[in-house]
$ cat protein_33.cif   # mmCIF, N, CA and C atoms
data_protein
loop_
_atom_site.label_atom_id
_atom_site.label_comp_id
_atom_site.auth_asym_id
_atom_site.auth_seq_id
_atom_site.Cartn_x
_atom_site.Cartn_y
_atom_site.Cartn_z
N MET A 1 -2.06 6.30 2.05
CA MET A 1 -3.10 6.24 3.06
C MET A 1 -4.44 6.26 2.34
N SER A 2 -5.34 5.45 2.80
CA SER A 2 -6.65 5.39 2.17
C SER A 2 -7.41 6.70 2.37
N PRO A 3 -8.31 7.02 1.46
CA PRO A 3 -9.09 8.25 1.61
C PRO A 3 -9.88 8.30 2.93
N GLU A 4 -10.35 7.16 3.39
CA GLU A 4 -11.10 7.12 4.65
C GLU A 4 -10.19 7.49 5.83
N ASN A 5 -9.00 6.91 5.87
CA ASN A 5 -8.06 7.23 6.95
C ASN A 5 -7.56 8.66 6.84
N GLN A 6 -7.37 9.15 5.62
CA GLN A 6 -6.97 10.55 5.44
C GLN A 6 -8.03 11.48 6.02
N ALA A 7 -9.28 11.17 5.81
CA ALA A 7 -10.37 12.01 6.31
C ALA A 7 -10.39 12.02 7.84
N ILE A 8 -10.16 10.87 8.44
CA ILE A 8 -10.13 10.79 9.91
C ILE A 8 -8.96 11.60 10.46
N ILE A 9 -7.80 11.44 9.84
CA ILE A 9 -6.62 12.19 10.29
C ILE A 9 -6.84 13.68 10.12
N LYS A 10 -7.38 14.08 9.00
CA LYS A 10 -7.64 15.50 8.77
C LYS A 10 -8.57 16.07 9.85
N GLU A 11 -9.61 15.32 10.21
CA GLU A 11 -10.53 15.77 11.25
C GLU A 11 -9.82 15.87 12.59
N LYS A 12 -8.97 14.90 12.91
CA LYS A 12 -8.22 14.93 14.17
C LYS A 12 -7.25 16.11 14.20
N ILE A 13 -6.65 16.43 13.06
CA ILE A 13 -5.76 17.59 12.98
C ILE A 13 -6.57 18.86 13.25
N HIS A 14 -7.75 18.97 12.67
CA HIS A 14 -8.57 20.16 12.88
C HIS A 14 -9.01 20.28 14.34
N GLU A 15 -9.37 19.17 14.95
CA GLU A 15 -9.76 19.20 16.37
C GLU A 15 -8.59 19.66 17.24
N ALA A 16 -7.42 19.11 16.99
CA ALA A 16 -6.24 19.48 17.78
C ALA A 16 -5.85 20.93 17.51
N ALA A 17 -5.96 21.37 16.27
CA ALA A 17 -5.61 22.75 15.93
C ALA A 17 -6.53 23.74 16.63
N LYS A 18 -7.80 23.41 16.72
CA LYS A 18 -8.73 24.27 17.46
C LYS A 18 -8.29 24.39 18.91
N HIS A 19 -7.88 23.28 19.48
CA HIS A 19 -7.42 23.26 20.87
C HIS A 19 -6.14 24.08 21.04
N LEU A 20 -5.26 24.05 20.05
CA LEU A 20 -3.96 24.72 20.13
C LEU A 20 -3.99 26.19 19.75
N LYS A 21 -5.08 26.63 19.15
CA LYS A 21 -5.14 28.01 18.67
C LYS A 21 -4.80 28.99 19.80
N GLY A 22 -3.79 29.80 19.53
CA GLY A 22 -3.35 30.81 20.49
C GLY A 22 -2.45 30.27 21.59
N LYS A 23 -2.13 28.99 21.57
CA LYS A 23 -1.31 28.38 22.62
C LYS A 23 0.12 28.08 22.18
N LEU A 24 0.40 28.20 20.89
CA LEU A 24 1.75 27.91 20.42
C LEU A 24 2.69 29.05 20.83
N PRO A 25 3.91 28.72 21.25
CA PRO A 25 4.84 29.77 21.64
C PRO A 25 5.19 30.67 20.46
N PRO A 26 5.49 31.93 20.72
CA PRO A 26 5.84 32.84 19.63
C PRO A 26 7.14 32.43 18.95
N SER A 27 7.27 32.87 17.70
CA SER A 27 8.47 32.59 16.93
C SER A 27 8.81 33.81 16.09
N SER A 28 10.09 34.11 16.00
CA SER A 28 10.51 35.24 15.18
C SER A 28 10.29 34.97 13.70
N LYS A 29 10.15 33.71 13.32
CA LYS A 29 9.87 33.37 11.93
C LYS A 29 8.45 33.73 11.52
N TYR A 30 7.56 33.83 12.51
CA TYR A 30 6.15 34.10 12.25
C TYR A 30 5.68 35.28 13.08
N PRO A 31 6.02 36.50 12.65
CA PRO A 31 5.68 37.69 13.45
C PRO A 31 4.17 37.88 13.64
N ALA A 32 3.36 37.37 12.74
CA ALA A 32 1.91 37.51 12.89
C ALA A 32 1.33 36.41 13.77
N GLY A 33 2.17 35.49 14.22
CA GLY A 33 1.72 34.40 15.07
C GLY A 33 1.78 33.08 14.33
N ARG A 34 1.97 32.01 15.09
CA ARG A 34 2.07 30.68 14.51
C ARG A 34 0.69 30.12 14.25
N SER A 35 0.58 29.35 13.20
CA SER A 35 -0.68 28.74 12.81
C SER A 35 -0.78 27.31 13.35
N ALA A 36 -1.75 27.09 14.21
CA ALA A 36 -1.97 25.74 14.72
C ALA A 36 -2.40 24.80 13.60
N TRP A 37 -3.01 25.35 12.57
CA TRP A 37 -3.51 24.52 11.44
C TRP A 37 -2.37 23.96 10.59
N THR A 38 -1.23 24.62 10.58
CA THR A 38 -0.08 24.11 9.82
C THR A 38 0.97 23.46 10.71
N HIS A 39 0.92 23.75 12.00
CA HIS A 39 1.90 23.20 12.94
C HIS A 39 1.85 21.66 12.98
N ILE A 40 0.68 21.09 13.11
CA ILE A 40 0.56 19.64 13.27
C ILE A 40 0.99 18.90 12.01
N PRO A 41 0.51 19.26 10.82
CA PRO A 41 1.01 18.57 9.62
C PRO A 41 2.53 18.68 9.46
N ARG A 42 3.10 19.80 9.88
CA ARG A 42 4.55 19.96 9.79
C ARG A 42 5.25 18.99 10.75
N ILE A 43 4.72 18.81 11.94
CA ILE A 43 5.28 17.86 12.89
C ILE A 43 5.18 16.44 12.33
N ILE A 44 4.03 16.10 11.75
CA ILE A 44 3.86 14.77 11.15
C ILE A 44 4.90 14.55 10.06
N LYS A 45 5.10 15.56 9.23
CA LYS A 45 6.08 15.45 8.15
C LYS A 45 7.48 15.27 8.71
N ASP A 46 7.81 15.99 9.78
CA ASP A 46 9.13 15.86 10.40
C ASP A 46 9.32 14.46 10.99
N VAL A 47 8.30 13.93 11.63
CA VAL A 47 8.41 12.62 12.29
C VAL A 47 8.49 11.48 11.26
N PHE A 48 7.64 11.54 10.23
CA PHE A 48 7.52 10.42 9.30
C PHE A 48 8.25 10.63 7.98
N GLY A 49 8.77 11.83 7.76
CA GLY A 49 9.51 12.08 6.54
C GLY A 49 8.63 12.37 5.33
N GLY A 50 7.36 12.62 5.56
CA GLY A 50 6.45 12.93 4.47
C GLY A 50 5.05 13.22 5.00
N SER A 51 4.21 13.63 4.12
CA SER A 51 2.83 13.94 4.47
C SER A 51 2.09 12.68 4.92
N TYR A 52 1.12 12.85 5.80
CA TYR A 52 0.31 11.70 6.22
C TYR A 52 -0.40 11.05 5.04
N ARG A 53 -0.67 11.81 4.00
CA ARG A 53 -1.35 11.27 2.82
C ARG A 53 -0.50 10.24 2.08
N SER A 54 0.82 10.39 2.20
CA SER A 54 1.71 9.49 1.48
C SER A 54 2.11 8.26 2.30
N LEU A 55 1.69 8.21 3.53
CA LEU A 55 2.05 7.09 4.40
C LEU A 55 1.15 5.88 4.15
N PRO A 56 1.66 4.68 4.42
CA PRO A 56 0.81 3.49 4.30
C PRO A 56 -0.20 3.44 5.45
N ASP A 57 -1.27 2.73 5.24
CA ASP A 57 -2.33 2.64 6.25
C ASP A 57 -1.85 2.04 7.56
N ASP A 58 -0.81 1.24 7.54
CA ASP A 58 -0.35 0.64 8.79
C ASP A 58 0.32 1.65 9.73
N ARG A 59 0.50 2.89 9.29
CA ARG A 59 1.05 3.95 10.14
C ARG A 59 -0.05 4.84 10.72
N PHE A 60 -1.31 4.51 10.43
CA PHE A 60 -2.47 5.31 10.85
C PHE A 60 -2.45 5.59 12.35
N ASP A 61 -2.32 4.54 13.16
CA ASP A 61 -2.35 4.72 14.62
C ASP A 61 -1.20 5.57 15.11
N GLU A 62 -0.05 5.42 14.48
CA GLU A 62 1.11 6.24 14.86
C GLU A 62 0.86 7.71 14.57
N VAL A 63 0.23 8.01 13.45
CA VAL A 63 -0.08 9.40 13.10
C VAL A 63 -1.04 9.98 14.13
N LEU A 64 -2.04 9.21 14.52
CA LEU A 64 -2.99 9.68 15.55
C LEU A 64 -2.27 9.94 16.87
N GLU A 65 -1.30 9.12 17.20
CA GLU A 65 -0.52 9.32 18.42
C GLU A 65 0.27 10.63 18.36
N VAL A 66 0.84 10.93 17.22
CA VAL A 66 1.59 12.18 17.06
C VAL A 66 0.65 13.38 17.20
N ILE A 67 -0.52 13.29 16.61
CA ILE A 67 -1.49 14.38 16.72
C ILE A 67 -1.88 14.58 18.19
N GLN A 68 -2.15 13.51 18.89
CA GLN A 68 -2.51 13.60 20.30
C GLN A 68 -1.36 14.17 21.12
N TYR A 69 -0.14 13.75 20.81
CA TYR A 69 1.02 14.28 21.51
C TYR A 69 1.13 15.79 21.31
N CYS A 70 0.96 16.24 20.06
CA CYS A 70 1.02 17.69 19.78
C CYS A 70 -0.02 18.44 20.61
N LYS A 71 -1.18 17.90 20.68
CA LYS A 71 -2.28 18.53 21.41
C LYS A 71 -1.96 18.60 22.90
N GLU A 72 -1.46 17.52 23.46
CA GLU A 72 -1.21 17.47 24.90
C GLU A 72 0.05 18.21 25.33
N SER A 73 1.07 18.18 24.49
CA SER A 73 2.34 18.78 24.90
C SER A 73 2.35 20.30 24.83
N THR A 74 1.43 20.87 24.12
CA THR A 74 1.38 22.33 23.97
C THR A 74 0.28 22.93 24.83
N SER A 75 -0.46 22.11 25.52
CA SER A 75 -1.58 22.60 26.35
C SER A 75 -1.09 23.34 27.56
#
$ encode --input "protein_33.cif" --output "structure tokens"
Amino acid sequence: MSPENQAIIKEKIHEAAKHLKGKLPPSSKYPAGRSAWTHIPRIIKDVFGGSYRSLPDDRFDEVLEVIQYCKESTS
């Protein structure tokens, strides 16, 4: 992924994480609470099989869709 697209995705992740802060369901794996800042990159990795940084630029729109889905589905 190009540095420009990485920067846009990173900003979108931060925006969504701010929205999700305190809204993620509790988990016994994270007794101190789940981190919205790590939740979204983990979902991206699960969906695409790797970090958004390692994806080709033609997957950019798909990554943005996943971020938006994370934001909307946990609201």
$ residues_around --input "protein_33.cif" --residues "segment 12-20 of chain A" --least-positions-apart "4" --cutoff "9 Å" --atoms "only C-alpha atoms" --output "list in words"
Ala7, Ile8, Leu24, Ser35, Ala36, Trp37, Thr38, His39, Ile40, Pro41, Leu64, Ile67, Gln68, Cys70, Lys71, Glu72, Thr74 and Ser75 of chain A
$ write_last_selection --input "protein_33.cif" --atoms "N, CA and C atoms" --output "PDB file, in the coordinates of the input"
ATOM      1  N   ALA A   7      -9.280  11.170   5.810  1.00  0.00           N
ATOM      2  CA  ALA A   7     -10.370  12.010   6.310  1.00  0.00           C
ATOM      3  C   ALA A   7     -10.390  12.020   7.840  1.00  0.00           C
ATOM      4  N   ILE A   8     -10.160  10.870   8.440  1.00  0.00           N
ATOM      5  CA  ILE A   8     -10.130  10.790   9.910  1.00  0.00           C
ATOM      6  C   ILE A   8      -8.960  11.600  10.460  1.00  0.00           C
ATOM      7  N   LEU A  24       0.400  28.200  20.890  1.00  0.00           N
ATOM      8  CA  LEU A  24       1.750  27.910  20.420  1.00  0.00           C
ATOM      9  C   LEU A  24       2.690  29.050  20.830  1.00  0.00           C
ATOM     10  N   SER A  35       0.580  29.350  13.200  1.00  0.00           N
ATOM     11  CA  SER A  35      -0.680  28.740  12.810  1.00  0.00           C
ATOM     12  C   SER A  35      -0.780  27.310  13.350  1.00  0.00           C
ATOM     13  N   ALA A  36      -1.750  27.090  14.210  1.00  0.00           N
ATOM     14  CA  ALA A  36      -1.970  25.740  14.720  1.00  0.00           C
ATOM     15  C   ALA A  36      -2.400  24.800  13.600  1.00  0.00           C
ATOM     16  N   TRP A  37      -3.010  25.350  12.570  1.00  0.00           N
ATOM     17  CA  TRP A  37      -3.510  24.520  11.440  1.00  0.00           C
ATOM     18  C   TRP A  37      -2.370  23.960  10.590  1.00  0.00           C
ATOM     19  N   THR A  38      -1.230  24.620  10.580  1.00  0.00           N
ATOM     20  CA  THR A  38      -0.080  24.110   9.820  1.00  0.00           C
ATOM     21  C   THR A  38       0.970  23.460  10.710  1.00  0.00           C
ATOM     22  N   HIS A  39       0.920  23.750  12.000  1.00  0.00           N
ATOM     23  CA  HIS A  39       1.900  23.200  12.940  1.00  0.00           C
ATOM     24  C   HIS A  39       1.850  21.660  12.980  1.00  0.00           C
ATOM     25  N   ILE A  40       0.680  21.090  13.110  1.00  0.00           N
ATOM     26  CA  ILE A  40       0.560  19.640  13.270  1.00  0.00           C
ATOM     27  C   ILE A  40       0.990  18.900  12.010  1.00  0.00           C
ATOM     28  N   PRO A  41       0.510  19.260  10.820  1.00  0.00           N
ATOM     29  CA  PRO A  41       1.010  18.570   9.620  1.00  0.00           C
ATOM     30  C   PRO A  41       2.530  18.680   9.460  1.00  0.00           C
ATOM     31  N   LEU A  64      -2.040   9.210  14.520  1.00  0.00           N
ATOM     32  CA  LEU A  64      -2.990   9.680  15.550  1.00  0.00           C
ATOM     33  C   LEU A  64      -2.270   9.940  16.870  1.00  0.00           C
ATOM     34  N   ILE A  67      -0.520  13.290  16.610  1.00  0.00           N
ATOM     35  CA  ILE A  67      -1.490  14.380  16.720  1.00  0.00           C
ATOM     36  C   ILE A  67      -1.880  14.580  18.190  1.00  0.00           C
ATOM     37  N   GLN A  68      -2.150  13.510  18.890  1.00  0.00           N
ATOM     38  CA  GLN A  68      -2.510  13.600  20.300  1.00  0.00           C
ATOM     39  C   GLN A  68      -1.360  14.170  21.120  1.00  0.00           C
ATOM     40  N   CYS A  70       0.960  16.240  20.060  1.00  0.00           N
ATOM     41  CA  CYS A  70       1.020  17.690  19.780  1.00  0.00           C
ATOM     42  C   CYS A  70      -0.020  18.440  20.610  1.00  0.00           C
ATOM     43  N   LYS A  71      -1.180  17.900  20.680  1.00  0.00           N
ATOM     44  CA  LYS A  71      -2.280  18.530  21.410  1.00  0.00           C
ATOM     45  C   LYS A  71      -1.960  18.600  22.900  1.00  0.00           C
ATOM     46  N   GLU A  72      -1.460  17.520  23.460  1.00  0.00           N
ATOM     47  CA  GLU A  72      -1.210  17.470  24.900  1.00  0.00           C
ATOM     48  C   GLU A  72       0.050  18.210  25.330  1.00  0.00           C
ATOM     49  N   THR A  74       1.430  20.870  24.120  1.00  0.00           N
ATOM     50  CA  THR A  74       1.380  22.330  23.970  1.00  0.00           C
ATOM     51  C   THR A  74       0.280  22.930  24.830  1.00  0.00           C
ATOM     52  N   SER A  75      -0.460  22.110  25.520  1.00  0.00           N
ATOM     53  CA  SER A  75      -1.580  22.600  26.350  1.00  0.00           C
ATOM     54  C   SER A  75      -1.090  23.340  27.560  1.00  0.00           C
TER      55      SER A  75
END
$ residues_around --input "protein_33.cif" --residues "Ser2 of chain A" --least-positions-apart "2" --cutoff "10 Å" --atoms "only C-alpha atoms" --output "list of chain:residue names"
A:Glu4, A:Asn5, A:Gln6, A:Ala7, A:Arg53, A:Ser54, A:Leu55, A:Pro56, A:Asp57, A:Phe60
$ atom_distance --input "protein_33.cif" --atom1 "atom CA of Met1 of chain A" --atom2 "atom CA of Lys21 of chain A"
26.9 Å
$ atom_distance --input "protein_33.cif" --atom1 "atom CA of Glu65 of chain A" --atom2 "atom CA of Ser51 of chain A"
15.1 Å
$ atom_distance --input "protein_33.cif" --atom1 "atom CA of Arg59 of chain A" --atom2 "atom CA of Lys23 of chain A"
27.5 Å
$ closest_residue --input "protein_33.cif" --among "A:Arg34, A:Val66, A:Ser73, A:Lys29" --to "Tyr52 of chain A" --atoms "only C-alpha atoms"
A:Val66
$ build_atoms --input "protein_33.cif" --residues "segment 45-56 of chain A" --atoms "all heavy atoms" --output "CSV table (one decimal), in the coordinates of the input"
chain,number,residue,atom,x,y,z
A,45,LYS,N,5.1,15.6,9.2
A,45,LYS,CA,6.1,15.4,8.2
A,45,LYS,C,7.5,15.3,8.7
A,45,LYS,O,8.3,14.5,8.2
A,45,LYS,CB,6.0,16.7,7.3
A,45,LYS,CG,6.9,16.6,6.0
A,45,LYS,CD,6.6,17.8,5.1
A,45,LYS,CE,7.5,17.6,3.9
A,45,LYS,NZ,7.3,18.8,3.0
A,46,ASP,N,7.8,16.0,9.8
A,46,ASP,CA,9.1,15.9,10.4
A,46,ASP,C,9.3,14.5,11.0
A,46,ASP,O,10.4,13.9,10.9
A,46,ASP,CB,9.3,16.9,11.5
A,46,ASP,CG,9.5,18.3,11.0
A,46,ASP,OD1,9.7,18.5,9.7
A,46,ASP,OD2,9.4,19.3,11.8
A,47,VAL,N,8.3,13.9,11.6
A,47,VAL,CA,8.4,12.6,12.3
A,47,VAL,C,8.5,11.5,11.3
A,47,VAL,O,9.3,10.6,11.4
A,47,VAL,CB,7.2,12.4,13.2
A,47,VAL,CG1,7.2,11.0,13.7
A,47,VAL,CG2,7.3,13.4,14.4
A,48,PHE,N,7.6,11.5,10.2
A,48,PHE,CA,7.5,10.4,9.3
A,48,PHE,C,8.2,10.6,8.0
A,48,PHE,O,8.3,9.7,7.1
A,48,PHE,CB,6.0,10.1,9.0
A,48,PHE,CG,5.3,9.7,10.2
A,48,PHE,CD1,4.5,10.5,10.9
A,48,PHE,CD2,5.4,8.4,10.7
A,48,PHE,CE1,3.8,10.1,12.1
A,48,PHE,CE2,4.8,7.9,11.8
A,48,PHE,CZ,3.9,8.8,12.5
A,49,GLY,N,8.8,11.8,7.8
A,49,GLY,CA,9.5,12.1,6.5
A,49,GLY,C,8.6,12.4,5.3
A,49,GLY,O,9.1,12.3,4.2
A,50,GLY,N,7.4,12.6,5.6
A,50,GLY,CA,6.4,12.9,4.5
A,50,GLY,C,5.0,13.2,5.0
A,50,GLY,O,4.8,13.1,6.2
A,51,SER,N,4.2,13.6,4.1
A,51,SER,CA,2.8,13.9,4.5
A,51,SER,C,2.1,12.7,4.9
A,51,SER,O,2.4,11.6,4.5
A,51,SER,CB,2.1,14.5,3.2
A,51,SER,OG,0.7,14.6,3.4
A,52,TYR,N,1.1,12.8,5.8
A,52,TYR,CA,0.3,11.7,6.2
A,52,TYR,C,-0.4,11.0,5.0
A,52,TYR,O,-0.7,9.9,5.0
A,52,TYR,CB,-0.7,12.1,7.3
A,52,TYR,CG,-1.8,13.0,6.9
A,52,TYR,CD1,-3.0,12.5,6.4
A,52,TYR,CD2,-1.7,14.4,7.0
A,52,TYR,CE1,-4.0,13.4,6.0
A,52,TYR,CE2,-2.7,15.2,6.7
A,52,TYR,CZ,-3.8,14.7,6.1
A,52,TYR,OH,-4.9,15.6,5.8
A,53,ARG,N,-0.7,11.8,4.0
A,53,ARG,CA,-1.4,11.3,2.8
A,53,ARG,C,-0.5,10.2,2.1
A,53,ARG,O,-1.0,9.3,1.4
A,53,ARG,CB,-1.7,12.4,1.9
A,53,ARG,CG,-2.8,13.3,2.4
A,53,ARG,CD,-3.0,14.5,1.4
A,53,ARG,NE,-3.7,15.5,2.0
A,53,ARG,CZ,-3.2,16.7,2.4
A,53,ARG,NH1,-1.9,16.9,2.2
A,53,ARG,NH2,-3.9,17.6,3.0
A,54,SER,N,0.8,10.4,2.2
A,54,SER,CA,1.7,9.5,1.5
A,54,SER,C,2.1,8.3,2.3
A,54,SER,O,2.8,7.4,1.8
A,54,SER,CB,3.0,10.2,1.0
A,54,SER,OG,3.7,10.6,2.2
A,55,LEU,N,1.7,8.2,3.5
A,55,LEU,CA,2.0,7.1,4.4
A,55,LEU,C,1.2,5.9,4.2
A,55,LEU,O,0.0,6.0,3.8
A,55,LEU,CB,1.9,7.5,5.9
A,55,LEU,CG,2.9,8.6,6.3
A,55,LEU,CD1,2.5,9.0,7.7
A,55,LEU,CD2,4.3,8.1,6.3
A,56,PRO,N,1.7,4.7,4.4
A,56,PRO,CA,0.8,3.5,4.3
A,56,PRO,C,-0.2,3.4,5.4
A,56,PRO,O,0.0,4.0,6.5
A,56,PRO,CB,1.8,2.3,4.4
A,56,PRO,CG,3.0,2.9,5.1
A,56,PRO,CD,3.0,4.3,4.8
